[in-house]
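Structure record follows, encoded as structure tokens.
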Amino acid sequence: METEKPRKLWLKVLMVVFFPVTGIVALYNLFSRKVNLGITVKTTIIFTLLFGLVLTGYVIFIISSIERQLTGNTIESTARYLMRLKITSLILVVLFIVLGAVVGGIASTAMISPIRKMIETIDSIDAENLDKRLAPVDSRDELYELTDRINGMLDDIQLTLERQSNFVSDASHELKTPLSVIQGYAGLLKRWGKDDPEILAEGIDSIAREADNMKRIVQQLLLLAKLGNYSMTKTRFKLSEAVREAVDAYSVTGLPHKINFSGQTDIFVETDKSLLVESVRTLIDNAVKYTPGENGIIDVSVSASGDHAEITVSDNGIGISEEDLPRIFDRFYRCDKARGRESGSSGLGLTIAKNIIEIMGGQITVSSVKGQGTTFKIVLY
Ligand code: ADP
């Protein structure tokens, strides 16, 4: 009998201190969701702990009760006791099941309450209030990741829609100007065109020029839109040959400029050849456009350095001011707005070239000194 005392004390300590403390910690974690485990792992741990706690308590209770019964009692009274124990156990099992269902229900509701809040917020987000976001979750589980991903996705959607709406308003604005000019000349022709051959000639020329401008803007806009989800046709080719093709096309145009080409012949790249040539052509077109013909020199070169290939197009033309430099790749940006429109510039050439080179995983940069000249560099990795 003397050896029973310390064991009972140990069991009491276990029941009074360890199990309740473990249970409270488990429940705290369940409701605060502060522990960095997944929801499924947490739920499993918590329910196993609770179930283990109840089961251990019950087993300890039965063992000590049987111990007490066996000391100094008759067989009949022990049989009656066992029958009572069976009935009590049955009732307790039913009670545990009901309790388990209630606690489980409350716990699951608490676990999914943040998901319900998320659904409510998502339901309230539409095109009118796209800047609304899910409230941050203080746990580090799947709910945190889900909130983070949904908010990130909303950021991307909002940015894309904003870009699209800016694109549409910029494009409409750009097309409105040539349309107004055409309308103006049409009115002029209607009134005086039949009687004044000079007005007739000027009107027809201007309408044709503005129609050309519009056509080019629309073509460039279509290309820009296409580049948004463009899949490249990659081939392996000699870079110097492709760039030389672009340069040679100018030799038959009768331009007064001197266009030089120099290039390492052993550089091979694997990318979309026609898109690359298109970008190089844009840079040469610009060099020609913004460099006065007499004494105009344009140098195009191809070289390799480390793990990348470089194409440079330099001119000794009008150059670009420091204020304009950071904006020249922006859509519809022209340094000289008035003269730009007259000379048929759209402000889209460099935007398209930059888009193309970035799709290829490369970079396009510019350096320029006003009044001295400009150098564009394409780097392909
Ligand atoms: P566009 O030439 O049709 O206006 P771009 O996007 O190609 O459109 O160029 C944007 C602006 O950058 C041009 O309007 C011009 O002012 C400036 N620019 C581009 N290339 C040069 C260059 N080589 N020299 C001077 N200015 C340039």
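Note on naming: chains are A, B, ... as they come in the structure tokens, residues start from 1 per chain, ligands start from 1 in the order shown.
Neighbouring residues of ligand 1 at a cut-off of 6 Å, counting only C-alpha atoms and all ligand atoms, are Asn286, Ala287, Tyr290, Gly317, Ile318, Gly319, Ile320, Ile328, Phe329, Tyr333, Arg334, Cys335, Asp336, Gly340, Ser345, Ser346, Gly347, Leu348, Gly349, Leu350, Thr351 and Thr374 of chain A.
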Could you pull out the strand (DSSP E) residues of region 131-378 of chain A, going by DSSP on the backbone, and write them as a VMD selection string? chain A and resid 235 to 238 258 to 263 268 to 271 297 to 305 308 to 315 363 to 369 373 to 378
Residues within 12 Å of Ala304 (chain A), please, as a VMD selection string. Count only C-alpha atoms; anything in the same chain fewer than 6 positions from it doesn't count. chain A and resid 239 to 240 263 to 269 310 to 312 378 to 381
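Ranking A:Thr271, A:Gln220, A:Thr291, A:Ser314 by their shortest atom-to-atom distance to Gly362 (chain A), with only C-alpha atoms included, puts A:Thr271 first.
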Identify all residues of region 175-356 of chain A in alpha helix (DSSP H) (DSSP on the backbone) and supply them as JSON, numbers by chain. {"A": [175, 176, 177, 178, 179, 180, 181, 182, 183, 184, 185, 186, 187, 188, 197, 198, 199, 200, 201, 202, 203, 204, 205, 206, 207, 208, 209, 210, 211, 212, 213, 214, 215, 216, 217, 218, 219, 220, 221, 222, 223, 224, 225, 226, 227, 239, 240, 241, 242, 243, 244, 245, 246, 247, 248, 273, 274, 275, 276, 277, 278, 279, 280, 281, 282, 283, 284, 285, 286, 287, 288, 289, 337, 338, 339, 340, 341, 342, 349, 350, 351, 352, 353, 354, 355, 356]}
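Coordinates place CA of Ile63 (chain A) at a distance of 26.7 Å from CA of Ala101 (chain A).
Distance annotation: of A:Ala107, A:Leu99, A:Ala242, A:Val25, the residue with the minimal separation from Leu49 (chain A) is A:Val25; atom set is only C-alpha atoms.
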